[in-house]
file query23.cif (mmCIF, C-alpha atoms)
data_protein
loop_
_atom_site.label_atom_id
_atom_site.label_comp_id
_atom_site.auth_asym_id
_atom_site.auth_seq_id
_atom_site.Cartn_x
_atom_site.Cartn_y
_atom_site.Cartn_z
CA MET A 29 152.46 34.34 84.24
CA PRO A 30 154.72 37.26 83.15
CA ASP A 31 151.57 39.36 82.68
CA LEU A 32 150.40 38.43 86.19
CA LEU A 33 153.76 39.36 87.71
CA ALA A 34 153.87 42.69 85.88
CA ALA A 35 150.28 43.54 86.83
CA ARG A 36 150.84 42.65 90.48
CA SER A 37 154.13 44.58 90.53
CA GLN A 38 152.56 47.69 89.04
CA MET A 39 149.64 47.53 91.49
CA ALA A 40 152.04 47.00 94.39
CA VAL A 41 154.19 50.01 93.50
CA SER A 42 151.13 52.20 92.96
CA LEU A 43 149.59 51.18 96.27
CA ALA A 44 152.88 51.52 98.16
CA PHE A 45 153.27 55.08 96.84
CA HIS A 46 149.65 56.14 97.30
CA ILE A 47 149.22 54.74 100.80
CA VAL A 48 151.78 57.18 102.23
CA PHE A 49 149.77 60.17 101.02
CA ALA A 50 146.47 58.57 102.01
CA VAL A 51 147.77 58.04 105.55
CA MET A 52 149.00 61.63 105.87
CA GLY A 53 145.76 62.91 104.34
CA ILE A 54 143.87 61.31 107.22
CA ALA A 55 146.01 62.67 110.07
CA MET A 56 147.47 66.01 108.92
CA PRO A 57 144.08 67.81 108.87
CA LEU A 58 143.50 66.82 112.48
CA MET A 59 146.80 68.38 113.52
CA MET A 60 146.10 71.63 111.69
CA VAL A 61 142.66 71.84 113.34
CA LEU A 62 144.15 71.26 116.79
CA ALA A 63 146.74 73.98 116.14
CA GLU A 64 144.06 76.45 115.01
CA ARG A 65 141.90 75.67 118.03
CA ARG A 66 144.86 76.28 120.33
CA TRP A 67 145.38 79.64 118.62
CA GLN A 68 141.74 80.58 119.10
CA VAL A 69 141.86 79.63 122.79
CA THR A 70 145.24 81.12 123.70
CA GLY A 71 145.77 83.84 121.10
CA HIS A 72 149.39 82.72 120.69
CA ALA A 73 150.54 83.48 117.14
CA ILE A 74 152.80 80.45 117.04
CA TYR A 75 149.76 78.14 116.84
CA LEU A 76 148.36 80.18 113.95
CA ASP A 77 151.68 79.80 112.14
CA LEU A 78 151.56 76.05 112.76
CA ALA A 79 148.00 75.74 111.47
CA LYS A 80 148.81 77.64 108.27
CA ARG A 81 152.01 75.70 107.63
CA TRP A 82 150.34 72.35 108.19
CA ALA A 83 147.44 73.41 105.96
CA LYS A 84 149.86 74.16 103.11
CA GLY A 85 151.58 70.82 103.68
CA THR A 86 148.20 69.10 103.64
CA ALA A 87 147.39 70.74 100.30
CA ILE A 88 150.64 69.47 98.76
CA LEU A 89 150.05 65.95 100.02
CA PHE A 90 146.39 66.06 98.95
CA ALA A 91 147.33 67.01 95.38
CA VAL A 92 149.85 64.18 94.97
CA GLY A 93 147.49 61.73 96.68
CA ALA A 94 144.77 62.69 94.21
CA VAL A 95 147.09 62.01 91.26
CA SER A 96 148.25 58.62 92.56
CA GLY A 97 144.70 57.67 93.55
CA THR A 98 143.45 58.46 90.06
CA VAL A 99 146.17 56.25 88.58
CA LEU A 100 145.05 53.42 90.87
CA SER A 101 141.44 53.73 89.73
CA PHE A 102 142.56 53.38 86.10
CA GLU A 103 144.77 50.42 86.97
CA LEU A 104 141.88 48.57 88.56
CA GLY A 105 139.97 48.70 85.31
CA LEU A 106 142.88 48.17 82.92
CA LEU A 107 144.87 45.53 84.79
CA TRP A 108 142.09 43.67 86.59
CA PRO A 109 139.01 43.77 84.32
CA ARG A 110 137.69 40.38 85.44
CA PHE A 111 137.93 41.43 89.06
CA MET A 112 136.01 44.65 88.37
CA GLU A 113 133.43 42.80 86.29
CA PHE A 114 132.68 40.50 89.21
CA ALA A 115 133.20 42.87 92.16
CA GLY A 116 132.06 46.20 90.68
CA PRO A 117 128.33 45.82 91.39
CA ILE A 118 129.09 44.59 94.92
CA ILE A 119 131.67 47.09 96.17
CA GLY A 120 130.66 50.00 93.97
CA MET A 121 128.92 51.64 96.94
CA PRO A 122 131.97 52.10 99.20
CA PHE A 123 133.98 53.36 96.23
CA SER A 124 131.19 55.84 95.41
CA LEU A 125 131.07 56.99 99.04
CA GLU A 126 134.84 57.36 98.99
CA GLY A 127 134.53 59.63 95.97
CA PHE A 128 131.89 61.71 97.77
CA ALA A 129 134.16 62.02 100.83
CA PHE A 130 137.12 62.93 98.59
CA PHE A 131 135.24 65.78 96.89
CA THR A 132 133.93 66.98 100.26
CA GLU A 133 137.49 67.08 101.54
CA ALA A 134 138.65 68.99 98.46
CA ILE A 135 135.89 71.60 98.79
CA PHE A 136 136.46 72.28 102.48
CA LEU A 137 140.23 72.24 102.08
CA GLY A 138 139.84 75.05 99.56
CA ILE A 139 137.64 76.97 101.99
CA TYR A 140 140.17 76.38 104.76
CA LEU A 141 143.17 77.52 102.71
CA TYR A 142 141.58 80.69 101.34
CA GLY A 143 139.04 81.52 104.03
CA TRP A 144 141.26 82.85 106.81
CA ASP A 145 140.14 86.45 106.36
CA ARG A 146 136.89 85.79 104.52
CA ILE A 147 134.75 83.76 106.95
CA SER A 148 134.27 83.83 110.70
CA PRO A 149 136.85 82.06 112.93
CA LEU A 150 134.25 79.49 114.02
CA ALA A 151 133.22 78.73 110.43
CA HIS A 152 136.86 78.42 109.44
CA LEU A 153 137.55 75.98 112.26
CA TRP A 154 134.56 73.86 111.28
CA ALA A 155 135.78 73.85 107.68
CA GLY A 156 138.99 72.27 109.01
CA VAL A 157 136.97 69.76 111.00
CA ALA A 158 135.12 68.84 107.79
CA VAL A 159 138.47 68.26 106.06
CA ALA A 160 139.65 66.01 108.91
CA VAL A 161 136.40 64.02 109.07
CA SER A 162 136.02 63.58 105.30
CA GLY A 163 139.69 62.58 104.98
CA ALA A 164 139.22 59.86 107.60
CA ALA A 165 135.93 58.77 105.99
CA SER A 166 137.58 58.51 102.58
CA GLY A 167 140.18 56.12 103.95
CA ILE A 168 137.57 54.09 105.82
CA PHE A 169 135.43 53.52 102.72
CA VAL A 170 138.42 52.31 100.69
CA VAL A 171 139.48 49.93 103.46
CA ILE A 172 135.90 48.59 103.66
CA ALA A 173 136.16 47.65 99.98
CA ASN A 174 139.46 45.89 100.64
CA ALA A 175 137.99 44.16 103.70
CA TRP A 176 135.30 42.71 101.44
CA MET A 177 138.04 41.09 99.34
CA ASN A 178 139.20 39.31 102.50
CA ALA A 179 135.70 38.41 103.72
CA PRO A 180 133.37 38.47 100.68
CA THR A 181 129.67 38.64 101.48
CA GLY A 182 126.52 40.37 100.24
CA PHE A 183 125.92 38.13 97.21
CA GLU A 184 125.19 34.57 96.15
CA LEU A 185 127.47 32.68 93.79
CA VAL A 186 125.58 30.86 91.02
CA ASN A 187 127.50 29.30 88.13
CA GLY A 188 130.44 31.59 88.83
CA GLN A 189 128.27 34.71 88.74
CA ALA A 190 127.29 37.01 91.61
CA VAL A 191 123.51 37.24 92.03
CA ASN A 192 121.17 38.69 94.67
CA VAL A 193 123.70 41.43 95.40
CA ASP A 194 123.27 43.36 98.67
CA PRO A 195 125.78 46.27 98.76
CA ILE A 196 124.96 47.12 102.39
CA ALA A 197 125.68 43.56 103.49
CA ALA A 198 128.91 43.68 101.47
CA MET A 199 130.02 46.82 103.33
CA ALA A 200 129.14 45.18 106.65
CA ASN A 201 131.48 42.26 105.98
CA ALA A 202 133.20 40.47 108.84
CA ALA A 203 136.57 42.15 108.25
CA ALA A 204 135.30 45.74 107.95
CA VAL A 205 135.48 46.80 111.59
CA SER A 206 138.86 45.26 112.38
CA GLN A 207 140.54 46.51 109.20
CA THR A 208 139.19 50.05 109.31
CA LEU A 209 140.03 50.43 113.00
CA HIS A 210 143.54 49.09 112.52
CA MET A 211 144.24 51.23 109.45
CA THR A 212 142.81 54.46 110.86
CA LEU A 213 144.84 54.17 114.06
CA ALA A 214 147.90 53.35 111.94
CA ALA A 215 147.38 56.56 109.96
CA TYR A 216 147.30 58.73 113.06
CA ALA A 217 150.23 56.92 114.69
CA ALA A 218 152.43 56.98 111.58
CA THR A 219 151.80 60.62 110.70
CA GLY A 220 151.90 61.84 114.28
CA PHE A 221 155.27 60.24 114.93
CA ALA A 222 156.66 61.31 111.54
CA VAL A 223 155.85 64.95 112.28
CA ALA A 224 157.02 64.61 115.87
CA GLY A 225 160.27 63.04 114.66
CA ILE A 226 161.04 65.95 112.34
CA HIS A 227 160.54 68.50 115.13
CA ALA A 228 162.37 66.33 117.67
CA PHE A 229 165.37 66.29 115.32
CA LEU A 230 165.33 70.10 115.18
CA LEU A 231 164.85 70.32 118.94
CA LEU A 232 168.02 68.31 119.47
CA LYS A 233 169.81 71.28 117.91
CA ASP A 234 167.70 73.96 119.61
CA PRO A 235 165.66 72.66 122.60
CA ALA A 236 164.37 76.15 123.39
CA ASN A 237 162.70 76.68 120.00
CA ALA A 238 159.06 77.34 120.86
CA PHE A 239 157.76 76.59 117.37
CA HIS A 240 159.15 73.08 117.32
CA ARG A 241 158.12 72.47 120.93
CA ARG A 242 154.50 73.31 120.17
CA ALA A 243 154.56 71.25 116.97
CA LEU A 244 156.01 68.27 118.86
CA GLU A 245 153.28 68.61 121.47
CA ILE A 246 150.41 68.50 118.97
CA ALA A 247 151.99 65.74 116.89
CA LEU A 248 152.34 63.54 119.97
CA ILE A 249 148.76 64.31 121.01
CA VAL A 250 147.69 62.78 117.68
CA GLY A 251 150.26 60.02 117.34
CA ALA A 252 150.85 58.72 120.86
CA PRO A 253 147.29 57.60 121.79
CA ALA A 254 146.90 55.91 118.39
CA ALA A 255 150.21 54.07 118.85
CA VAL A 256 149.15 52.83 122.29
CA LEU A 257 145.76 51.64 121.00
CA GLN A 258 147.22 50.03 117.89
CA PRO A 259 148.27 46.73 119.56
CA ILE A 260 144.68 46.33 120.80
CA SER A 261 143.30 46.79 117.29
CA GLY A 262 146.00 44.40 116.06
CA ASP A 263 144.73 41.76 118.47
CA ILE A 264 141.20 42.24 117.12
CA SER A 265 142.48 41.87 113.54
CA ALA A 266 144.52 38.77 114.40
CA ARG A 267 141.54 37.08 116.02
CA HIS A 268 139.44 37.80 112.92
CA ILE A 269 142.14 36.37 110.65
CA ALA A 270 142.45 33.27 112.84
CA ALA A 271 138.73 32.62 112.43
CA HIS A 272 138.21 33.62 108.78
CA GLN A 273 141.62 33.44 107.04
CA PRO A 274 143.60 30.75 108.87
CA VAL A 275 146.02 30.32 105.96
CA LYS A 276 147.04 33.98 106.23
CA LEU A 277 147.67 33.59 109.97
CA ALA A 278 149.64 30.40 109.38
CA ALA A 279 151.83 32.18 106.83
CA ALA A 280 152.30 35.23 109.04
CA GLU A 281 153.42 33.08 111.96
CA ALA A 282 155.10 30.40 109.80
CA VAL A 283 152.92 27.65 111.27
CA PHE A 284 153.46 24.68 108.98
CA ARG A 285 151.73 22.02 111.11
CA THR A 286 148.31 22.16 112.72
CA GLN A 287 148.65 21.79 116.47
CA ALA A 288 147.13 22.62 119.84
CA GLY A 289 148.94 24.98 122.18
CA THR A 290 150.74 26.64 119.27
CA PRO A 291 153.72 28.82 120.21
CA LEU A 292 154.23 32.39 119.02
CA THR A 293 157.36 32.77 116.90
CA LEU A 294 159.67 35.77 117.11
CA GLY A 295 161.88 36.29 114.09
CA GLY A 296 163.21 33.33 112.17
CA TRP A 297 163.25 32.51 108.47
CA PRO A 298 160.63 30.07 107.10
CA ASP A 299 162.17 27.14 105.26
CA VAL A 300 159.26 26.14 103.05
CA ALA A 301 160.98 23.00 101.73
CA ALA A 302 161.74 21.70 105.24
CA ARG A 303 158.40 22.95 106.63
CA GLU A 304 160.01 24.73 109.57
CA ASN A 305 160.85 28.25 110.78
CA ARG A 306 164.60 28.34 111.28
CA PHE A 307 166.31 30.48 113.92
CA ALA A 308 162.99 31.55 115.50
CA VAL A 309 162.38 32.11 119.19
CA ASP A 310 159.19 30.35 120.34
CA ILE A 311 156.93 31.51 123.16
CA PRO A 312 154.97 28.38 124.21
CA TYR A 313 151.17 28.49 123.85
CA ALA A 314 151.23 32.24 123.06
CA LEU A 315 149.75 32.08 119.53
CA SER A 316 146.83 29.91 120.66
CA LEU A 317 146.26 32.31 123.54
CA LEU A 318 146.38 35.44 121.38
CA ALA A 319 144.34 34.03 118.49
CA PHE A 320 141.60 32.28 120.48
CA HIS A 321 142.16 33.39 124.11
CA ASP A 322 142.79 29.73 124.94
CA PRO A 323 146.38 28.48 125.44
CA HIS A 324 145.38 24.99 124.30
CA ALA A 325 143.38 26.00 121.21
CA ILE A 326 144.18 24.39 117.87
CA VAL A 327 145.73 26.71 115.30
CA GLN A 328 145.39 25.59 111.69
CA GLY A 329 148.70 25.21 109.89
CA LEU A 330 149.62 25.37 106.23
CA ASP A 331 149.39 21.58 106.05
CA GLN A 332 145.58 21.89 105.82
CA VAL A 333 145.64 23.34 102.28
CA PRO A 334 147.49 22.33 99.10
CA ALA A 335 150.89 23.94 98.66
CA SER A 336 149.59 25.54 95.45
CA GLU A 337 147.29 27.70 97.60
CA TRP A 338 150.00 28.88 99.96
CA PRO A 339 150.97 32.54 99.86
CA ASN A 340 154.62 33.56 99.79
CA VAL A 341 155.33 32.42 103.35
CA PRO A 342 158.75 34.11 103.87
CA ALA A 343 157.46 37.46 102.54
CA VAL A 344 154.28 37.37 104.65
CA HIS A 345 156.13 36.24 107.78
CA PHE A 346 158.88 38.85 107.44
CA SER A 347 156.35 41.64 106.75
CA PHE A 348 154.30 40.61 109.76
CA GLN A 349 157.35 40.57 112.03
CA VAL A 350 158.41 44.02 110.83
CA MET A 351 154.91 45.45 111.37
CA VAL A 352 154.64 44.06 114.90
CA ALA A 353 158.17 45.10 115.90
CA LEU A 354 157.80 48.68 114.68
CA GLY A 355 154.30 49.05 116.10
CA THR A 356 155.56 47.84 119.47
CA TYR A 357 158.40 50.38 119.38
CA LEU A 358 155.98 53.24 118.65
CA ALA A 359 153.70 52.15 121.50
CA LEU A 360 156.60 52.01 123.97
CA VAL A 361 157.88 55.45 122.96
CA ALA A 362 154.33 56.82 123.25
CA LEU A 363 154.02 55.42 126.78
CA TRP A 364 157.41 56.89 127.68
CA ALA A 365 156.38 60.34 126.46
CA ALA A 366 153.04 60.07 128.27
CA TRP A 367 154.77 59.11 131.53
CA LEU A 368 157.15 62.08 131.29
CA SER A 369 154.26 64.42 130.47
CA TRP A 370 152.32 63.12 133.47
CA ARG A 371 155.36 63.98 135.61
CA ARG A 372 155.38 67.45 133.97
CA ALA A 373 158.88 66.90 132.61
CA ASP A 374 160.30 69.06 129.84
CA LEU A 375 160.17 66.67 126.88
CA ALA A 376 162.25 68.86 124.58
CA HIS A 377 165.25 68.76 126.91
CA ASN A 378 165.11 64.98 127.35
CA ARG A 379 167.65 64.12 124.69
CA TRP A 380 167.15 60.35 124.93
CA LEU A 381 163.41 60.75 124.30
CA MET A 382 164.08 63.13 121.40
CA ARG A 383 166.48 60.60 119.88
CA ALA A 384 163.90 57.82 120.30
CA ILE A 385 161.25 59.94 118.57
CA VAL A 386 163.64 60.84 115.74
CA LEU A 387 164.34 57.13 115.26
CA ALA A 388 160.57 56.56 115.05
CA THR A 389 160.11 59.08 112.21
CA PRO A 390 159.84 56.55 109.33
CA MET A 391 158.73 53.58 111.41
CA GLY A 392 154.99 54.19 111.21
CA PHE A 393 155.04 54.35 107.41
CA ILE A 394 157.25 51.26 107.16
CA ALA A 395 154.82 49.44 109.47
CA VAL A 396 151.88 50.54 107.28
CA GLU A 397 153.61 49.26 104.14
CA ALA A 398 154.46 45.97 105.87
CA GLY A 399 150.90 45.61 107.15
CA TRP A 400 149.48 45.99 103.67
CA MET A 401 151.93 43.41 102.38
CA VAL A 402 150.58 41.00 105.00
CA THR A 403 147.01 41.82 103.98
CA GLU A 404 147.55 41.48 100.24
CA LEU A 405 150.25 38.81 99.98
CA GLY A 406 148.65 36.78 102.74
CA ARG A 407 145.42 36.52 100.72
CA GLN A 408 147.16 35.03 97.69
CA PRO A 409 146.48 33.18 95.46
CA TRP A 410 143.04 34.79 95.85
CA ALA A 411 142.01 38.23 94.62
CA ILE A 412 138.64 37.68 96.33
CA TYR A 413 139.20 35.18 99.12
CA GLY A 414 137.73 31.81 98.24
CA VAL A 415 135.88 33.19 95.21
CA LEU A 416 138.21 34.53 92.48
CA LYS A 417 141.89 33.74 92.06
CA THR A 418 144.34 36.48 91.15
CA ALA A 419 145.49 34.62 88.03
CA ASP A 420 141.89 34.61 86.77
CA ALA A 421 141.36 38.33 87.46
CA VAL A 422 144.30 39.79 85.52
CA THR A 423 144.12 41.20 82.00
CA PRO A 424 145.60 39.02 79.24
CA MET A 425 147.15 42.11 77.60
CA PRO A 426 150.90 41.61 76.91
CA GLY A 427 153.63 44.20 77.34
CA LEU A 428 152.72 45.28 80.86
CA MET A 429 156.35 45.85 81.85
CA VAL A 430 156.41 49.10 79.85
CA PRO A 431 153.65 50.87 81.84
CA PHE A 432 155.09 49.35 85.03
CA LEU A 433 158.46 51.03 84.44
CA THR A 434 156.81 54.25 83.27
CA PHE A 435 154.63 54.63 86.35
CA THR A 436 157.47 53.66 88.66
CA LEU A 437 159.60 56.48 87.24
CA LEU A 438 156.61 58.84 87.56
CA TYR A 439 156.22 57.98 91.24
CA CYS A 440 159.93 58.48 91.85
CA PHE A 441 159.72 61.91 90.20
CA LEU A 442 156.66 62.90 92.23
CA GLY A 443 158.29 61.62 95.41
CA VAL A 444 161.38 63.77 94.86
CA ILE A 445 159.27 66.86 94.13
CA VAL A 446 157.15 66.37 97.27
CA ALA A 447 160.21 65.77 99.45
CA TRP A 448 161.83 68.95 98.12
CA LEU A 449 158.70 71.05 98.68
CA LEU A 450 158.22 69.76 102.22
CA TYR A 451 161.91 70.23 103.01
CA ARG A 452 161.78 73.88 101.95
CA HIS A 453 158.58 74.25 103.95
CA ILE A 454 160.21 72.84 107.10
CA ILE A 455 163.53 74.71 106.99
CA ARG A 456 161.68 78.03 106.84
CA SER A 457 160.14 77.46 110.27
CA PRO A 458 160.65 80.35 112.70
CA ALA A 459 163.35 80.30 115.38
CA VAL A 460 161.53 81.74 118.40
CA PRO A 461 163.11 81.00 121.81
CA GLU A 462 160.84 79.64 124.51
CA TRP A 463 161.65 82.34 127.02
CA ARG A 464 160.27 85.09 124.77
CA GLY A 465 156.55 85.84 124.98
CA PHE A 466 154.44 85.47 121.85
CA TYR A 467 152.01 88.21 121.07
CA MET A 468 149.25 88.15 118.50
CA PRO A 469 148.42 91.74 117.51
CA GLY A 470 144.84 92.48 118.39
CA SER A 471 144.45 89.44 120.65
CA GLY A 472 145.38 91.15 123.87
CA LYS A 473 147.08 87.94 125.02
CA ARG A 474 150.71 87.19 125.74
CA GLU A 475 152.33 83.85 126.44
CA ALA A 476 154.25 83.61 129.68
CA GLY A 477 158.00 83.09 129.45
CA ASN A 478 159.83 79.92 130.52
CA GLU A 479 156.81 77.75 129.70
CA THR A 480 157.49 74.10 128.94
CA SER A 481 155.83 71.98 126.30
#

call {"tool": "encode", "arguments": {"input": "query23.cif", "output": "structure tokens"}}
result
Amino acid sequence: MPDLLAARSQMAVSLAFHIVFAVMGIAMPLMMVLAERRWQVTGHAIYLDLAKRWAKGTAILFAVGAVSGTVLSFELGLLWPRFMEFAGPIIGMPFSLEGFAFFTEAIFLGIYLYGWDRISPLAHLWAGVAVAVSGAASGIFVVIANAWMNAPTGFELVNGQAVNVDPIAAMANAAAVSQTLHMTLAAYAATGFAVAGIHAFLLLKDPANAFHRRALEIALIVGAPAAVLQPISGDISARHIAAHQPVKLAAAEAVFRTQAGTPLTLGGWPDVAARENRFAVDIPYALSLLAFHDPHAIVQGLDQVPASEWPNVPAVHFSFQVMVALGTYLALVALWAAWLSWRRADLAHNRWLMRAIVLATPMGFIAVEAGWMVTELGRQPWAIYGVLKTADAVTPMPGLMVPFLTFTLLYCFLGVIVAWLLYRHIIRSPAVPEWRGFYMPGSGKREAGNETS
């Protein structure tokens, strides 16, 4: 058991670190492409500056993401050899496609970074589009592999061995669409609001700064629609879990007893010994309605499986509550910003909105981390749901606490370096007042003064 705990802890820390860079690697290229396109359309130099700055930030994040992703690939083989022995032939295809997407992203990112004066503007823009598309595809293929762990298919189990393997059927598992949709939207929402929050913080000090106003605008264009759509994708995911992983839903909602017309619980702390969720606020019939679109539907509780097959109910429930609460906050702030934009209000001078966006800066990433805790902890004690238990997939090698501590220190070091580099990158942003026109030499275009974001 100590080996299992150390292996799970090391994998958890590695995934928690890597997922931040994976999420930003999906969304940051889209923002740099939008900024470049705005520059090509308007000729305003401020958009060119934004595109170049975001491209450099993307390169930094890509490099660290590549390092942490490589560590994860080694950990899969070293810490979970029995899992890889069983699952490798089945989910090797999405991992291979992820590698192809990763190298495509690396190639076009290099072209984008060093091709400003070497290729045509249209070719350069399309190189950025290739970075954005391949970054999103890379994330999708990895999530498809994880979705298979929650809804294994594409093989037959004979005497504990996988036979008649169909990799295409494995990729088309029942959880693939809901998980990839939910995760991709989360990436755009988290990154968009993180970037918007940084510039909103600087706009609170200088609301007339045109650079931060334009950056806020593009970041919200990426983050706000994703945040609004995220609750819809969450409903799709919850309905899938209710049908295919009822134990995970029961843990997330702390449903200890199977019942019809099950209420939705807000907050609370699951008392596993007493089989009740203390201090929770119940909304009658709401869980049955959300999970099955029927207020009188029966929701399976934890009482339907042995206690030995329960996940860590308090951890799953708390993570789920955090994810939902933060996602709801982002959606509400997105709707607020959209309403003000529709009324043609000056967002940068609305100090309450700027404060709300600043508060949202870390929330998307916290929600992503919490969501993955629900996904992974809620599946326990299974590594492959209903097929292979986590305790049977781990390596028997002793002494795993040493690499766990080593890699944790490595991630802390890398995190500090990245934070320092991005901080220096941000504080060097130009201070151009909104009332001053912006002229791009050779473009023949000038931005009108007193324009609002």

call {"tool": "resolve_selection", "arguments": {"input": "query23.cif", "expression": "the PyMOL selection byres ((chain A and resi 359-365) around 8)", "output": "count of residues only"}}
result
21

call {"tool": "resolve_selection", "arguments": {"input": "query23.cif", "expression": "the PyMOL selection byres ((chain A and resi 41) around 12)", "output": "ChimeraX atom specification"}}
result
/A:34-40,42-48,96,99-100,103,397,400-401,431-440

call {"tool": "residues_near_point", "arguments": {"input": "query23.cif", "point": "(155.2, 72.5, 117.3)", "cutoff": "12 Å", "atoms": "only C-alpha atoms", "output": "VMD selection string"}}
result
chain A and resid 59 to 60 62 to 63 66 73 to 79 81 to 82 220 223 to 228 230 to 231 235 to 249 376 454 457 to 460 462 480 to 481

call {"tool": "resolve_selection", "arguments": {"input": "query23.cif", "expression": "the PyMOL selection byres ((chain A and resi 56) around 9)", "output": "PDB file with C-alpha atoms, in the coordinates of the input"}}
result
ATOM      1  CA  VAL A  51     147.770  58.040 105.550  1.00  0.00           C
ATOM      2  CA  MET A  52     149.000  61.630 105.870  1.00  0.00           C
ATOM      3  CA  GLY A  53     145.760  62.910 104.340  1.00  0.00           C
ATOM      4  CA  ILE A  54     143.870  61.310 107.220  1.00  0.00           C
ATOM      5  CA  ALA A  55     146.010  62.670 110.070  1.00  0.00           C
ATOM      6  CA  PRO A  57     144.080  67.810 108.870  1.00  0.00           C
ATOM      7  CA  LEU A  58     143.500  66.820 112.480  1.00  0.00           C
ATOM      8  CA  MET A  59     146.800  68.380 113.520  1.00  0.00           C
ATOM      9  CA  MET A  60     146.100  71.630 111.690  1.00  0.00           C
ATOM     10  CA  VAL A  61     142.660  71.840 113.340  1.00  0.00           C
ATOM     11  CA  TRP A  82     150.340  72.350 108.190  1.00  0.00           C
ATOM     12  CA  ALA A  83     147.440  73.410 105.960  1.00  0.00           C
ATOM     13  CA  GLY A  85     151.580  70.820 103.680  1.00  0.00           C
ATOM     14  CA  THR A  86     148.200  69.100 103.640  1.00  0.00           C
ATOM     15  CA  ALA A 160     139.650  66.010 108.910  1.00  0.00           C
ATOM     16  CA  TYR A 216     147.300  58.730 113.060  1.00  0.00           C
ATOM     17  CA  THR A 219     151.800  60.620 110.700  1.00  0.00           C
ATOM     18  CA  GLY A 220     151.900  61.840 114.280  1.00  0.00           C
TER      19      GLY A 220
END

call {"tool": "residues_around", "arguments": {"input": "query23.cif", "residues": "Phe111 in chain A", "least_positions_apart": "5", "cutoff": "8 Å", "atoms": "all atoms listed in the file", "output": "list in words"}}
result
Gly116, Ala411, Leu416, Ala421 and Val422 of chain A

call {"tool": "closest_residue", "arguments": {"input": "query23.cif", "among": "A:Ala279, A:Leu442, A:Ile394, A:Ile412", "to": "Met351 in chain A", "atoms": "all atoms listed in the file"}}
result
A:Ile394
